[in-house]
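Below is one structure, written out as structure tokens; the observations come after it.
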Amino acid sequence: MAIAQKIRDFMEKGSFIRKMFEEGDILKAKHGKENVFDFSLGNPNLDPPEEVHRRLIQILSEPVPALHGYMSNAGYLETRRAVADFLSGEHGLSFTEQEVIMTCGAAGALNAVLKALMEPGEELIVLAPYFVEYLFYVDNAQGVPRVVPTGPNFSLDVKAIEQALTPRTKAVLINSPNNPTGKVYDETSIRQLGDLLHRYEREQGRVIYLISDEPYRKIVYDQIQVPSIFQACRQSISVTSYSKDLSLPGERIGYLAVHPQIPDKEELLAACTFTNRILGFVNAPALMQRLLPAVQGLTVDIGIYQRKRDIFYKGLTQIGYQLTKPEGAFYLFPQSPIPDDVAFIQALQEELILAVPGMGFGAPGYFRIAYCAPDATIEKSLPGFERAFKKFAN
């Protein structure tokens, strides 16, 4: 056998999104790109804000010495300072550059954090539905995922989390706005979760960390606010990226930030800086770090994504699909009209529609639609969604 059996198994479990993306290329070659409705990959279809391009041109036109050189594994001080200043204003706490480490996207940040925190065999609580890669990231750190279901409409179920805590629990991982559901966990639930972890620390004498994966934090709708984990929990860590809000997914730029009063802060940050290096990331991309101080707080036009959500949500619910209206991100997560979500995805594919089965997100019986696509693609796909739905209507 050429490859490890574990990796072979992981490839089979985690290949749904990429498989649909690749099959989409085959269908587009056969039927024409304009006739295939690809909602498989959460790849932003909006251009970055113009200021991003303008600043990049300026940086390249007026290069500083060692523009593309190595830097501290934690990132440029001026970049970390700009991020810390933004975080201070956003969360009402005093962050400094010492609490920020620049990373290769949110995925790089999360891998660095888990590798730094987890002893082999320790548990990470993961809430279902979850981002497909989480279970693999836990394995990278030699940890064990403990999957906990969410409540009605994918809400945060703090009691279920409490029941899942064991002496081996090292951290709780949340993702809000959530991929794949678009759910934003409300402030009351976040504060209850923070209270639970603080109480556990007092009673058990052991810290359980709260890790929040937040690449969609700025993509929210209907005046909804994403609560601050830093206001709710002292032992909190945020990982994020600029992939979605600035439409820079291929540039692999993000950061991790820790609460200014987190226990053992200096040792934790040193460990994350070290794991950032030894996992192979080494440092976040230099050119993107040069860009970031000038674009803090900028986003793409979120109203465009909200319009896409509204078109799709209205169309699908009128057909008869059951789904919770997303509050953020750019995904819909409808129930499959049949229990076998993989079979239904195949039925959609017959209509030249590409979506992803829910089983890959720990939620069989659902499927994910990424609506970061042209409005015309969304509108033209609705008759195909209706035909597929009617195939299984009672």
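FYI, nothing fancy with the structure tokens labels: chains A, B, ... in order, residues from 1 per chain, ligands from 1 as they appear.
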* Name the residues of range 150-376 of chain A that come out as alpha helix (DSSP H) in a backbone DSSP run; write them as number ranges by chain. => A: 158-164, 187-204, 229-232, 265-278, 286-291, 302-319, 341-350, 375-376
* Test item: residues at most 9 Å from range 237-253 of chain A, only C-alpha atoms, excluding those fewer than 6 positions along its chain, as JSON, numbers by chain -> {"A": [42, 43, 44, 45, 46, 47, 48, 49, 52, 102, 103, 104, 105, 106, 107, 108, 109, 110, 113, 209, 210, 211, 212, 213, 214, 215, 216, 217, 218, 219, 229, 230, 259, 262, 284, 285, 288, 289, 298, 299, 300, 301, 302, 329]}
* Asked: Using only C-alpha atoms, which residues sit within 6 Å of range 131-136 of chain A once same-chain residues fewer than 6 positions away are excluded, as an MDAnalysis selection string?
  -> chainID A and resid 179 360:361
Selection from above, C-alpha atoms, as a PDB file, in the first residue's frame, can you write it?
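Now in again-v1.pdb:
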ATOM      1  CA  ASN A 179     -20.371  26.782   7.950  1.00  0.00           C
ATOM      2  CA  GLY A 360     -19.719  15.292   5.405  1.00  0.00           C
ATOM      3  CA  PHE A 361     -20.629  17.984   7.933  1.00  0.00           C
TER       4      PHE A 361
END
* **Nearest residue to Ala128 in chain A from the set A:Ile57, A:Leu287, A:Ile369, A:Met359 (distances using only C-alpha atoms)** =>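 Going through A:Ile57, A:Leu287, A:Ile369, A:Met359 one by one, the smallest distance to Ala128 in chain A is for A:Met359.
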* Excluding same-chain residues fewer than 2 positions from range 345-358 of chain A, what lies within 10 Å of it counting only C-alpha atoms, as an NGL selection string? -> :A and (16-21 or 23-24 or 27-28 or 31 or 35-41 or 129-130 or 132 or 180 or 333-336 or 340-343 or 360-370 or 381-389 or 391-392)
* From the list A:Glu187, A:Arg199, A:Val258, A:Val138, which residue is nearest Ser88 in chain A when using only C-alpha atoms? ->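 When distances to Ser88 in chain A are compared using only C-alpha atoms, the smallest one comes from A:Val258.
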* Asked: Within 7 Å of Ser155 in chain A, counting only C-alpha atoms, which residues qualify if same-chain residues fewer than 4 places away don't, as a PyMOL selection string?
  -> chain A and resi 150-151+185
* Asked: CA of Ile125 in chain A and CA of Val148 in chain A are how many Å apart?
  ->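 Between CA of Ile125 in chain A and CA of Val148 in chain A the gap works out to 6.8 Å.
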* To do: Give the answer as one residue: which of A:Asp186, A:Asp222, A:Glu123, A:Glu62 has the shortest atom-to-atom distance to Lys325 in chain A, using only C-alpha atoms?
  =>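 Smallest separation from Lys325 in chain A among the options: A:Asp222.
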* To do: From range 112-220 of chain A, collect each residue whose DSSP state is strand (DSSP E or B) and return the set as a PyMOL selection string.
  => chain A and resi 123-128+144-149+169-175+209-213+220
* Distance of CA of Leu165 in chain A from CA of Gln225 in chain A, expressed in Å to one decimal place ->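 Rounded to one decimal, the two atoms are 28.2 Å apart.
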* Asked: What separation in Å, quoted to one decimal, exists between CA of Arg146 in chain A and CA of Leu124 in chain A?
  ->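 Between CA of Arg146 in chain A and CA of Leu124 in chain A the gap works out to 5.9 Å.
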